[in-house]
file work.txt (compact mmCIF, C-alpha atoms)
# COMPACT_ATOMS: atom_id res chain seq x y z
CA MET X 1 186.47 106.35 184.82
CA PRO X 2 186.69 107.10 188.55
CA GLY X 3 188.06 104.19 190.56
CA SER X 4 189.30 102.40 187.46
CA THR X 5 192.84 101.07 187.59
CA ARG X 6 193.29 101.64 183.85
CA PRO X 7 195.95 104.25 183.22
CA ALA X 8 195.13 106.13 180.06
CA VAL X 9 192.36 108.50 179.04
CA ILE X 10 192.53 107.00 175.54
CA SER X 11 191.50 103.68 176.97
CA ALA X 12 188.44 105.20 178.63
CA ASP X 13 187.57 106.98 175.38
CA ALA X 14 187.93 103.77 173.42
CA GLU X 15 185.70 101.96 175.86
CA ALA X 16 183.06 104.69 175.63
CA GLY X 17 183.34 104.42 171.85
CA ASN X 18 182.80 100.68 171.93
CA ARG X 19 179.87 101.10 174.28
CA SER X 20 178.34 103.69 171.97
CA GLU X 21 178.90 101.39 168.98
CA ARG X 22 177.29 98.48 170.84
CA LYS X 23 174.27 100.65 171.68
CA HIS X 24 174.06 101.82 168.07
CA ARG X 25 173.89 98.21 166.87
CA ALA X 26 171.47 97.19 169.63
CA ILE X 27 169.11 100.01 168.62
CA LEU X 28 169.37 99.08 164.94
CA ASP X 29 168.69 95.40 165.65
CA ALA X 30 165.73 96.17 167.88
CA ALA X 31 164.33 98.71 165.42
CA THR X 32 164.60 96.21 162.56
CA GLU X 33 162.47 93.74 164.51
CA VAL X 34 159.87 96.35 165.43
CA PHE X 35 159.61 97.87 161.94
CA LEU X 36 159.28 94.49 160.22
CA ARG X 37 156.65 93.36 162.72
CA SER X 38 154.60 96.55 163.10
CA GLY X 39 155.13 98.45 159.85
CA TYR X 40 156.42 101.98 159.53
CA LEU X 41 153.43 103.86 160.94
CA GLY X 42 152.86 101.24 163.63
CA THR X 43 156.38 101.63 165.03
CA ASN X 44 157.24 104.11 167.76
CA MET X 45 160.55 105.08 169.33
CA ASP X 46 159.40 104.03 172.83
CA GLU X 47 159.08 100.42 171.77
CA ILE X 48 162.48 100.50 170.08
CA ALA X 49 164.07 102.02 173.20
CA ALA X 50 162.47 99.38 175.43
CA LEU X 51 163.54 96.49 173.21
CA SER X 52 167.12 97.75 172.90
CA ALA X 53 167.28 98.48 176.67
CA VAL X 54 168.30 102.12 176.30
CA SER X 55 166.47 105.35 177.05
CA LYS X 56 164.44 107.12 174.38
CA GLN X 57 166.93 110.01 174.63
CA THR X 58 169.71 107.60 173.72
CA VAL X 59 167.77 106.43 170.67
CA TYR X 60 167.42 110.05 169.56
CA LYS X 61 171.13 110.70 170.27
CA HIS X 62 171.96 107.98 167.73
CA PHE X 63 169.14 108.62 165.23
CA GLU X 64 167.52 112.02 164.89
CA SER X 65 164.17 110.67 163.73
CA LYS X 66 162.20 107.54 163.02
CA GLU X 67 162.78 108.14 159.32
CA ALA X 68 166.58 108.44 159.75
CA LEU X 69 166.57 105.19 161.72
CA PHE X 70 164.53 103.39 159.08
CA VAL X 71 166.70 104.70 156.25
CA GLU X 72 169.76 103.29 158.05
CA ILE X 73 168.01 99.91 158.39
CA VAL X 74 167.15 99.81 154.69
CA THR X 75 170.69 100.88 153.84
CA ARG X 76 172.23 98.23 156.08
CA MET X 77 169.97 95.31 155.09
CA THR X 78 170.01 96.07 151.38
CA GLY X 79 173.69 96.96 151.33
CA ASP X 80 174.66 93.80 153.24
CA ALA X 81 172.63 91.65 150.82
CA GLY X 82 174.25 93.34 147.82
CA ASP X 83 177.73 92.91 149.32
CA ALA X 84 177.02 89.25 150.00
CA VAL X 85 176.03 88.67 146.36
CA HIS X 86 178.85 90.54 144.73
CA ASN X 87 181.83 89.98 147.02
CA LYS X 88 181.45 86.25 146.94
CA MET X 89 181.41 85.77 143.15
CA PRO X 90 184.85 85.16 141.59
CA ARG X 91 185.74 86.45 138.12
CA PHE X 92 184.89 84.02 135.32
CA ASP X 93 187.90 81.90 134.34
CA GLU X 94 188.65 81.50 130.65
CA GLY X 95 187.94 77.89 129.68
CA GLY X 96 185.30 77.46 132.37
CA ASP X 97 181.63 76.75 131.66
CA LEU X 98 180.04 80.16 131.14
CA SER X 99 176.50 78.86 131.50
CA GLU X 100 177.34 77.18 134.80
CA TYR X 101 179.07 80.35 136.00
CA LEU X 102 176.00 82.49 135.23
CA VAL X 103 173.68 79.92 136.84
CA SER X 104 175.82 80.01 140.01
CA TYR X 105 175.66 83.80 140.01
CA ALA X 106 171.89 83.82 139.52
CA HIS X 107 171.31 81.12 142.10
CA TRP X 108 173.47 82.90 144.67
CA GLN X 109 171.63 86.18 144.06
CA LEU X 110 168.24 84.47 144.45
CA THR X 111 169.42 82.80 147.66
CA ILE X 112 170.52 86.08 149.22
CA VAL X 113 167.55 88.20 148.13
CA LEU X 114 164.63 85.79 148.54
CA THR X 115 164.72 85.65 152.32
CA PRO X 116 161.77 86.44 154.61
CA ARG X 117 163.46 89.55 156.03
CA ILE X 118 164.34 91.11 152.67
CA MET X 119 160.85 90.30 151.37
CA GLN X 120 159.26 91.84 154.49
CA LEU X 121 161.40 94.95 154.10
CA ARG X 122 160.52 95.28 150.41
CA ARG X 123 156.78 94.89 151.13
CA LEU X 124 156.99 97.44 153.90
CA VAL X 125 158.66 100.17 151.83
CA ILE X 126 156.41 99.51 148.82
CA GLY X 127 153.36 99.94 151.06
CA GLU X 128 154.72 103.34 152.20
CA VAL X 129 155.75 104.77 148.81
CA SER X 130 153.02 107.40 148.71
CA ARG X 131 153.63 108.62 152.28
CA PHE X 132 157.42 108.14 152.49
CA PRO X 133 158.90 107.99 148.99
CA GLU X 134 162.46 108.38 150.30
CA LEU X 135 162.41 104.98 152.01
CA ALA X 136 161.69 103.07 148.81
CA LYS X 137 164.12 105.23 146.87
CA VAL X 138 166.95 104.07 149.15
CA LEU X 139 165.91 100.44 148.66
CA TYR X 140 165.72 100.94 144.88
CA GLU X 141 169.18 102.52 144.67
CA LEU X 142 170.95 100.01 146.92
CA GLY X 143 168.91 97.01 145.82
CA PRO X 144 167.90 96.39 142.20
CA LYS X 145 169.66 99.42 140.72
CA ARG X 146 173.00 98.55 142.30
CA ALA X 147 172.60 94.83 141.52
CA ILE X 148 171.84 95.53 137.85
CA GLY X 149 174.74 98.01 137.65
CA ILE X 150 177.21 95.41 138.93
CA LEU X 151 175.72 92.77 136.62
CA ALA X 152 176.12 95.19 133.70
CA ALA X 153 179.83 95.61 134.46
CA MET X 154 180.26 91.83 134.65
CA ILE X 155 178.36 91.33 131.38
CA GLU X 156 180.32 94.09 129.65
CA SER X 157 183.57 92.50 130.73
CA LEU X 158 182.43 89.11 129.40
CA ALA X 159 181.43 90.78 126.13
CA ASP X 160 184.83 92.52 125.91
CA ARG X 161 186.46 89.12 126.25
CA GLY X 162 184.33 87.87 123.35
CA LEU X 163 182.24 85.56 125.54
CA LEU X 164 178.89 87.32 125.13
CA ALA X 165 177.31 89.33 122.28
CA VAL X 166 175.91 92.44 123.94
CA ARG X 167 175.22 95.91 122.56
CA ASP X 168 173.64 97.44 125.68
CA PRO X 169 175.11 95.91 128.87
CA LEU X 170 172.66 97.69 131.17
CA MET X 171 169.66 96.35 129.30
CA ALA X 172 171.19 92.86 129.13
CA ALA X 173 171.78 93.06 132.88
CA SER X 174 168.17 94.05 133.48
CA HIS X 175 166.99 91.11 131.35
CA PHE X 176 169.31 88.74 133.25
CA ASN X 177 168.16 90.05 136.61
CA TRP X 178 164.44 89.85 135.94
CA LEU X 179 164.49 86.58 133.95
CA VAL X 180 166.00 85.01 137.04
CA MET X 181 164.23 86.86 139.85
CA SER X 182 160.76 87.97 138.77
CA GLU X 183 158.58 84.88 138.95
CA ALA X 184 159.78 84.03 142.45
CA LEU X 185 159.88 87.65 143.62
CA ASN X 186 156.36 88.39 142.43
CA ARG X 187 155.01 85.32 144.21
CA ALA X 188 156.85 86.16 147.41
CA MET X 189 155.61 89.76 147.26
CA LEU X 190 151.96 88.78 146.89
CA LEU X 191 151.70 85.35 148.51
CA GLY X 192 153.92 85.95 151.52
CA ASP X 193 157.07 84.42 152.94
CA GLN X 194 155.80 80.85 152.68
CA ALA X 195 155.79 81.31 148.88
CA ILE X 196 159.58 81.78 148.82
CA PRO X 197 160.82 78.83 146.73
CA LYS X 198 162.97 76.09 148.22
CA PRO X 199 166.68 75.98 147.20
CA ALA X 200 166.20 73.37 144.44
CA GLU X 201 163.43 75.45 142.91
CA LEU X 202 165.58 78.59 143.07
CA ARG X 203 168.31 76.69 141.21
CA LYS X 204 165.77 75.82 138.50
CA HIS X 205 164.72 79.49 138.18
CA ALA X 206 168.41 80.32 137.75
CA GLU X 207 168.96 77.63 135.08
CA ASP X 208 165.85 78.52 133.09
CA GLY X 209 166.58 82.23 133.20
CA VAL X 210 170.20 81.78 132.13
CA ARG X 211 169.17 79.52 129.24
CA VAL X 212 166.94 82.29 127.83
CA PHE X 213 169.58 84.93 128.54
CA LEU X 214 172.25 82.98 126.65
CA ALA X 215 169.90 82.32 123.71
CA ALA X 216 169.71 86.10 123.28
CA TYR X 217 173.17 87.21 124.38
CA GLY X 218 175.46 84.17 123.99
CA ARG X 219 178.05 83.97 121.18
CA LYS X 220 176.43 82.27 118.20
CA MET V 1 105.34 103.51 144.16
CA PRO V 2 102.40 105.42 145.68
CA GLY V 3 101.14 108.17 143.43
CA SER V 4 103.07 106.86 140.46
CA THR V 5 101.22 106.60 137.18
CA ARG V 6 103.29 103.59 136.14
CA PRO V 7 101.10 100.55 135.82
CA ALA V 8 103.14 97.49 136.69
CA VAL V 9 104.74 96.17 139.85
CA ILE V 10 107.54 94.75 137.68
CA SER V 11 108.46 98.24 136.65
CA ALA V 12 108.81 99.38 140.25
CA ASP V 13 110.91 96.32 141.03
CA ALA V 14 113.16 97.01 138.06
CA GLU V 15 113.57 100.59 139.16
CA ALA V 16 114.47 99.51 142.69
CA GLY V 17 116.95 97.06 141.18
CA ASN V 18 118.55 99.79 139.09
CA ARG V 19 118.68 102.07 142.11
CA SER V 20 120.34 99.34 144.14
CA GLU V 21 122.80 98.68 141.31
CA ARG V 22 123.58 102.40 141.07
CA LYS V 23 124.20 102.56 144.82
CA HIS V 24 126.39 99.47 144.62
CA ARG V 25 128.56 101.12 141.97
CA ALA V 26 128.61 104.46 143.80
CA ILE V 27 129.85 102.73 146.95
CA LEU V 28 132.50 100.81 145.00
CA ASP V 29 133.72 103.96 143.24
CA ALA V 30 133.86 105.95 146.46
CA ALA V 31 135.56 103.11 148.33
CA THR V 32 138.20 102.78 145.58
CA GLU V 33 139.10 106.45 146.01
CA VAL V 34 139.26 106.21 149.79
CA PHE V 35 141.30 102.98 149.87
CA LEU V 36 143.84 104.21 147.31
CA ARG V 37 144.22 107.51 149.14
CA SER V 38 144.21 106.35 152.77
CA GLY V 39 145.41 102.73 152.64
CA TYR V 40 143.58 99.73 154.03
CA LEU V 41 143.91 100.46 157.74
CA GLY V 42 143.36 104.19 157.24
CA THR V 43 139.99 103.64 155.54
CA ASN V 44 136.71 103.50 157.45
CA MET V 45 133.18 102.79 156.35
CA ASP V 46 131.89 106.20 157.53
CA GLU V 47 134.07 108.00 155.02
CA ILE V 48 132.97 105.65 152.23
CA ALA V 49 129.30 106.17 153.15
CA ALA V 50 129.74 109.95 153.18
CA LEU V 51 131.56 110.03 149.82
CA SER V 52 129.00 107.76 148.14
CA ALA V 53 126.08 109.72 149.69
CA VAL V 54 124.43 106.71 151.30
CA SER V 55 124.00 105.67 154.91
CA LYS V 56 126.51 103.43 156.62
CA GLN V 57 123.74 100.82 156.94
CA THR V 58 123.38 100.87 153.16
CA VAL V 59 127.11 100.29 152.76
CA TYR V 60 126.85 97.26 155.05
CA LYS V 61 123.75 96.03 153.20
CA HIS V 62 125.86 95.86 150.02
CA PHE V 63 129.17 94.74 151.57
CA GLU V 64 129.27 92.83 154.82
CA SER V 65 132.71 94.10 155.84
CA LYS V 66 135.55 96.39 154.88
CA GLU V 67 137.48 93.33 153.73
CA ALA V 68 134.63 92.12 151.48
CA LEU V 69 134.41 95.58 149.96
CA PHE V 70 138.14 95.72 149.31
CA VAL V 71 138.20 92.23 147.82
CA GLU V 72 135.49 93.31 145.37
CA ILE V 73 137.54 96.38 144.42
CA VAL V 74 140.66 94.29 143.79
CA THR V 75 138.55 91.80 141.83
CA ARG V 76 136.95 94.51 139.73
CA MET V 77 140.08 96.57 139.00
CA THR V 78 142.33 93.59 138.32
CA GLY V 79 139.67 91.70 136.40
CA ASP V 80 138.82 94.73 134.25
CA ALA V 81 142.52 95.26 133.43
CA GLY V 82 142.91 91.60 132.51
CA ASP V 83 139.79 91.68 130.36
CA ALA V 84 141.04 94.80 128.60
CA VAL V 85 144.36 93.12 127.76
CA HIS V 86 142.98 89.83 126.56
CA ASN V 87 139.70 90.69 124.88
CA LYS V 88 141.28 93.27 122.65
CA MET V 89 144.03 91.09 121.15
CA PRO V 90 143.06 89.29 117.93
CA ARG V 91 144.41 85.83 117.10
CA PHE V 92 147.70 85.88 115.17
CA ASP V 93 147.13 85.59 111.41
CA GLU V 94 149.28 83.17 109.47
CA GLY V 95 151.62 85.15 107.29
CA GLY V 96 151.67 88.14 109.64
CA ASP V 97 154.78 89.40 111.42
CA LEU V 98 155.01 87.32 114.62
CA SER V 99 157.50 89.64 116.26
CA GLU V 100 155.28 92.66 115.61
CA TYR V 101 152.26 90.76 116.91
CA LEU V 102 154.05 89.88 120.16
CA VAL V 103 155.33 93.44 120.54
CA SER V 104 151.76 94.75 120.17
CA TYR V 105 150.55 92.28 122.77
CA ALA V 106 153.34 93.23 125.18
CA HIS V 107 152.88 96.95 124.60
CA TRP V 108 149.14 96.72 125.13
CA GLN V 109 149.62 94.76 128.38
CA LEU V 110 152.13 97.33 129.66
CA THR V 111 149.76 100.16 128.75
CA ILE V 112 146.87 98.62 130.67
CA VAL V 113 148.81 97.52 133.75
CA LEU V 114 151.26 100.40 134.27
CA THR V 115 148.68 102.96 135.31
CA PRO V 116 148.78 104.97 138.53
CA ARG V 117 145.64 103.26 139.90
CA ILE V 118 146.82 99.70 139.27
CA MET V 119 150.25 100.56 140.70
CA GLN V 120 148.63 102.15 143.79
CA LEU V 121 146.44 99.10 144.27
CA ARG V 122 149.41 96.74 143.93
CA ARG V 123 151.48 98.74 146.44
CA LEU V 124 148.58 98.83 148.86
CA VAL V 125 147.97 95.07 148.88
CA ILE V 126 151.70 94.27 149.03
CA GLY V 127 152.01 96.51 152.08
CA GLU V 128 149.20 94.57 153.78
CA VAL V 129 150.32 91.00 152.96
CA SER V 130 151.27 90.12 156.52
CA ARG V 131 148.02 91.46 158.03
CA PHE V 132 145.59 90.63 155.22
CA PRO V 133 147.06 87.89 153.03
CA GLU V 134 143.72 87.28 151.28
CA LEU V 135 143.75 90.70 149.60
CA ALA V 136 147.05 90.09 147.82
CA LYS V 137 146.06 86.53 146.98
CA VAL V 138 143.07 87.84 145.01
CA LEU V 139 145.31 90.29 143.17
CA TYR V 140 147.84 87.52 142.43
CA GLU V 141 145.19 85.14 141.06
CA LEU V 142 143.37 87.69 138.91
CA GLY V 143 146.48 89.67 137.95
CA PRO V 144 149.81 88.02 137.08
CA LYS V 145 148.63 84.41 137.43
CA ARG V 146 145.69 84.89 135.08
CA ALA V 147 147.75 86.99 132.64
CA ILE V 148 150.49 84.35 132.47
CA GLY V 149 147.91 81.57 132.07
CA ILE V 150 146.31 83.31 129.09
CA LEU V 151 149.76 84.04 127.62
CA ALA V 152 150.66 80.36 128.03
CA ALA V 153 147.58 79.31 126.05
CA MET V 154 148.47 81.80 123.30
CA ILE V 155 152.10 80.61 123.23
CA GLU V 156 151.06 76.96 123.18
CA SER V 157 148.74 77.63 120.26
CA LEU V 158 151.56 79.39 118.36
CA ALA V 159 153.86 76.45 119.12
CA ASP V 160 151.21 73.98 117.89
CA ARG V 161 151.09 75.91 114.64
CA GLY V 162 154.88 75.58 114.35
CA LEU V 163 155.52 79.27 114.92
CA LEU V 164 157.39 78.96 118.24
CA ALA V 165 159.66 76.29 119.73
CA VAL V 166 158.38 75.79 123.28
CA ARG V 167 158.57 72.80 125.61
CA ASP V 168 156.96 74.41 128.67
CA PRO V 169 154.34 77.02 127.67
CA LEU V 170 153.76 78.20 131.25
CA MET V 171 157.44 78.89 131.80
CA ALA V 172 157.76 80.57 128.40
CA ALA V 173 154.75 82.72 129.31
CA SER V 174 156.35 83.69 132.60
CA HIS V 175 159.58 84.63 130.79
CA PHE V 176 157.60 86.69 128.25
CA ASN V 177 155.60 88.44 130.95
CA TRP V 178 158.55 89.40 133.12
CA LEU V 179 160.97 90.24 130.30
CA VAL V 180 158.44 92.82 129.20
CA MET V 181 157.05 94.04 132.52
CA SER V 182 159.67 93.79 135.27
CA GLU V 183 162.01 96.71 134.75
CA ALA V 184 159.15 99.19 134.47
CA LEU V 185 157.04 97.52 137.17
CA ASN V 186 159.89 97.44 139.68
CA ARG V 187 160.61 101.13 139.11
CA ALA V 188 156.96 102.07 139.44
CA MET V 189 156.62 100.00 142.61
CA LEU V 190 159.58 101.65 144.32
CA LEU V 191 159.83 105.10 142.74
CA GLY V 192 156.13 105.95 142.57
CA ASP V 193 153.64 106.82 139.87
CA GLN V 194 155.87 109.45 138.28
CA ALA V 195 158.30 106.63 137.40
CA ILE V 196 155.72 104.97 135.13
CA PRO V 197 157.34 105.11 131.68
CA LYS V 198 155.89 107.19 128.86
CA PRO V 199 154.20 105.33 125.94
CA ALA V 200 157.29 105.40 123.67
CA GLU V 201 159.40 103.94 126.46
CA LEU V 202 156.81 101.22 127.12
CA ARG V 203 156.97 100.32 123.43
CA LYS V 204 160.76 99.97 123.71
CA HIS V 205 160.40 97.68 126.77
CA ALA V 206 158.01 95.58 124.68
CA GLU V 207 160.39 95.42 121.69
CA ASP V 208 163.46 94.57 123.76
CA GLY V 209 161.64 91.92 125.77
CA VAL V 210 160.16 90.26 122.67
CA ARG V 211 163.58 90.21 120.95
CA VAL V 212 165.03 88.20 123.87
CA PHE V 213 161.92 86.00 124.05
CA LEU V 214 162.15 85.13 120.34
CA ALA V 215 165.89 84.42 120.57
CA ALA V 216 165.02 81.70 123.08
CA TYR V 217 161.63 80.49 121.81
CA GLY V 218 161.47 81.48 118.13
CA ARG V 219 161.76 78.88 115.35
CA LYS V 220 165.43 78.61 114.37
call {"tool": "encode", "arguments": {"input": "work.txt", "output": "structure tokens"}}
result
Amino acid sequence: MPGSTRPAVISADAEAGNRSERKHRAILDAATEVFLRSGYLGTNMDEIAALSAVSKQTVYKHFESKEALFVEIVTRMTGDAGDAVHNKMPRFDEGGDLSEYLVSYAHWQLTIVLTPRIMQLRRLVIGEVSRFPELAKVLYELGPKRAIGILAAMIESLADRGLLAVRDPLMAASHFNWLVMSEALNRAMLLGDQAIPKPAELRKHAEDGVRVFLAAYGRK
Amino acid sequence: MPGSTRPAVISADAEAGNRSERKHRAILDAATEVFLRSGYLGTNMDEIAALSAVSKQTVYKHFESKEALFVEIVTRMTGDAGDAVHNKMPRFDEGGDLSEYLVSYAHWQLTIVLTPRIMQLRRLVIGEVSRFPELAKVLYELGPKRAIGILAAMIESLADRGLLAVRDPLMAASHFNWLVMSEALNRAMLLGDQAIPKPAELRKHAEDGVRVFLAAYGRK
């Protein structure tokens, strides 16, 4: 940097790196707003550039296409939600209340997933499945498929410890997931963000779903 | 009709009525194709008029707006699917196999709902929830809400006859519905029509869902 009193080239490189990283995040944040507001077809790179206060060339330097940018948004939002669900849950402690543990898990998952932004994202990619199947595929892989895979590992481990009676952990995980999520998710999909249940109602969905799950998969 | 040898005015009126009814159906059929192919925003009345071989004025004589036309399509497709599910199922006969009866019900419902056209319609209205909330509301009322309501009545009647142990028939119906439908529906929503399971796989979804349902709600 001409005129800078900083001594090392590394420092200038690091600063450029940070600046690039900040721009990358600014573009992603701006693009998320625009996509969720205007839909996939209704979004253009000019608007994203304007909202993130960079040139359109800079947007294209960071993301080669509108599709690449949207795929990164789906990846980030869905991945962050999945991480939030799974990193927070501790392992079940022997001697604890298994039902209460599963209700906490279910309630936490509902709380993370049933937000206006995740619902808007899911509606958006579902609406574009025929034109842009790759977008929804990313959401499927990082969203429900990943969530059910992690649930299956948790259920299998509980079964190995003799705490559940499960022959097919993946199917049991799918039943757990949808017993807990579906009623609220279906309403939110079709009736809009204002149909997302309040926290106490989410807790009840979790309790009712877990009760049915344990009737089928609990130790008799 | 000038020059006609038919004697009565009534006959001419009836013929005009039939012609009007035929046009009404032709417009609906053409509009269904165009909406499912081009989406809600991408559809215009000119294309529908051309495909149904009537004038645009005739389209507007039958349907006052694009929205009214689409609402009738959602009503017709969702209502027909619901009718097909519920009118076909006989009442459960005492002494029959309850599990087999419920599996048949579930399998039939999956067969009717998990079709490319119903999946395309559902994706379309979900994608338009923020712009046109009324479209999805019609699908919600005539689709899942109606299906779960009818299931609840069936479940309550089985409970009254001592064949199920159910405190909240509406919740039990929701659990039944989503245990059976969700895994396949979620995949079809996000992975497209080619992800709709084959008949044998639908039957397995029905069997697995009913097994869990009966573990929770069957007589012990």
call {"tool": "closest_atom_pairs", "arguments": {"input": "work.txt", "of": "range 153-193 of chain X", "to": "range 208-219 of chain V", "cutoff": "10 Å", "atoms": "all atoms listed in the file", "output": "Markdown table"}}
result
| residue | atom | partner | partner_atom | distance |
| --- | --- | --- | --- | --- |
| X:Met171 | CA | V:Asp208 | CA | 8.5 |
| X:Ala172 | CA | V:Val212 | CA | 9.3 |
| X:His175 | CA | V:Gly209 | CA | 7.8 |
call {"tool": "closest_residue", "arguments": {"input": "work.txt", "among": "V:Ala200, V:Val129, V:Ala206, V:Leu142", "to": "chain X", "atoms": "only C-alpha atoms"}}
result
V:Val129
call {"tool": "closest_atom_pairs", "arguments": {"input": "work.txt", "of": "chain X", "to": "chain V", "cutoff": "8 Å", "atoms": "all atoms listed in the file", "output": "Markdown table"}}
result
| residue | atom | partner | partner_atom | distance |
| --- | --- | --- | --- | --- |
| X:Arg123 | CA | V:Gly127 | CA | 5.1 |
| X:Leu124 | CA | V:Gly127 | CA | 5.4 |
| X:Val125 | CA | V:Gly127 | CA | 7.6 |
| X:Ile126 | CA | V:Arg123 | CA | 5.5 |
| X:Gly127 | CA | V:Gly127 | CA | 3.8 |
| X:Glu128 | CA | V:Gly127 | CA | 7.3 |
| X:Val129 | CA | V:Gly192 | CA | 6.4 |
| X:Ser130 | CA | V:Gly192 | CA | 7.0 |
| X:Pro133 | CA | V:Leu191 | CA | 6.9 |
| X:Ala136 | CA | V:Leu190 | CA | 5.2 |
| X:Lys137 | CA | V:Leu191 | CA | 6.0 |
| X:Leu139 | CA | V:Leu190 | CA | 7.8 |
| X:Tyr140 | CA | V:Leu190 | CA | 6.2 |
| X:Ser174 | CA | V:Glu183 | CA | 6.8 |
| X:His175 | CA | V:Leu179 | CA | 6.2 |
| X:Trp178 | CA | V:Ser182 | CA | 6.2 |
| X:Leu179 | CA | V:His175 | CA | 6.2 |
| X:Ser182 | CA | V:Trp178 | CA | 6.2 |
| X:Glu183 | CA | V:Ser174 | CA | 6.8 |
| X:Arg187 | CA | V:Tyr140 | CA | 7.7 |
| X:Met189 | CA | V:Ile126 | CA | 6.2 |
| X:Leu190 | CA | V:Ala136 | CA | 5.2 |
| X:Leu191 | CA | V:Lys137 | CA | 6.0 |
| X:Gly192 | CA | V:Val129 | CA | 6.4 |
| X:Gly209 | CA | V:His175 | CA | 7.8 |
| X:Arg211 | CA | V:Ala216 | CA | 7.7 |
| X:Val212 | CA | V:Ala216 | CA | 5.2 |
| X:Phe213 | CA | V:Val212 | CA | 7.3 |
| X:Ala215 | CA | V:Ala216 | CA | 5.0 |
| X:Ala216 | CA | V:Ala215 | CA | 5.0 |
call {"tool": "atom_distance", "arguments": {"input": "work.txt", "atom1": "CA of Pro116 in chain V", "atom2": "CA of Gln194 in chain V"}}
result
8.4 Å
call {"tool": "atom_distance", "arguments": {"input": "work.txt", "atom1": "CA of Glu207 in chain V", "atom2": "CA of Ala159 in chain X"}}
result
22.0 Å
call {"tool": "atom_distance", "arguments": {"input": "work.txt", "atom1": "CA of Leu151 in chain X", "atom2": "CA of Val71 in chain X"}}
result
24.7 Å
call {"tool": "closest_residue", "arguments": {"input": "work.txt", "among": "V:Arg146, V:Lys56, V:Lys66, V:His107", "to": "Gly82 in chain V", "atoms": "only C-alpha atoms"}}
result
V:Arg146
call {"tool": "decode", "arguments": {"input": "work.txt", "residues": "range 106-126 of chain V", "atoms": "C-alpha atoms", "output": "PDB file, in the first residue's frame"}}
result
ATOM      1  CA  ALA V 106     -52.766 -45.070   3.273  1.00  0.00           C
ATOM      2  CA  HIS V 107     -51.599 -46.700   0.055  1.00  0.00           C
ATOM      3  CA  TRP V 108     -54.607 -45.425  -1.861  1.00  0.00           C
ATOM      4  CA  GLN V 109     -54.075 -41.881  -0.537  1.00  0.00           C
ATOM      5  CA  LEU V 110     -50.390 -41.975  -1.535  1.00  0.00           C
ATOM      6  CA  THR V 111     -51.314 -43.268  -4.984  1.00  0.00           C
ATOM      7  CA  ILE V 112     -53.782 -40.448  -5.603  1.00  0.00           C
ATOM      8  CA  VAL V 113     -51.697 -37.604  -4.179  1.00  0.00           C
ATOM      9  CA  LEU V 114     -48.171 -38.496  -5.320  1.00  0.00           C
ATOM     10  CA  THR V 115     -48.754 -37.853  -9.008  1.00  0.00           C
ATOM     11  CA  PRO V 116     -46.692 -35.507 -11.163  1.00  0.00           C
ATOM     12  CA  ARG V 117     -49.625 -33.107 -11.677  1.00  0.00           C
ATOM     13  CA  ILE V 118     -50.519 -32.782  -7.991  1.00  0.00           C
ATOM     14  CA  MET V 119     -46.836 -32.376  -7.109  1.00  0.00           C
ATOM     15  CA  GLN V 120     -46.419 -29.704  -9.820  1.00  0.00           C
ATOM     16  CA  LEU V 121     -49.488 -27.878  -8.558  1.00  0.00           C
ATOM     17  CA  ARG V 122     -48.256 -28.004  -4.963  1.00  0.00           C
ATOM     18  CA  ARG V 123     -44.803 -26.700  -5.928  1.00  0.00           C
ATOM     19  CA  LEU V 124     -46.362 -23.922  -7.974  1.00  0.00           C
ATOM     20  CA  VAL V 125     -48.615 -22.604  -5.208  1.00  0.00           C
ATOM     21  CA  ILE V 126     -45.869 -22.912  -2.567  1.00  0.00           C
TER      22      ILE V 126
END
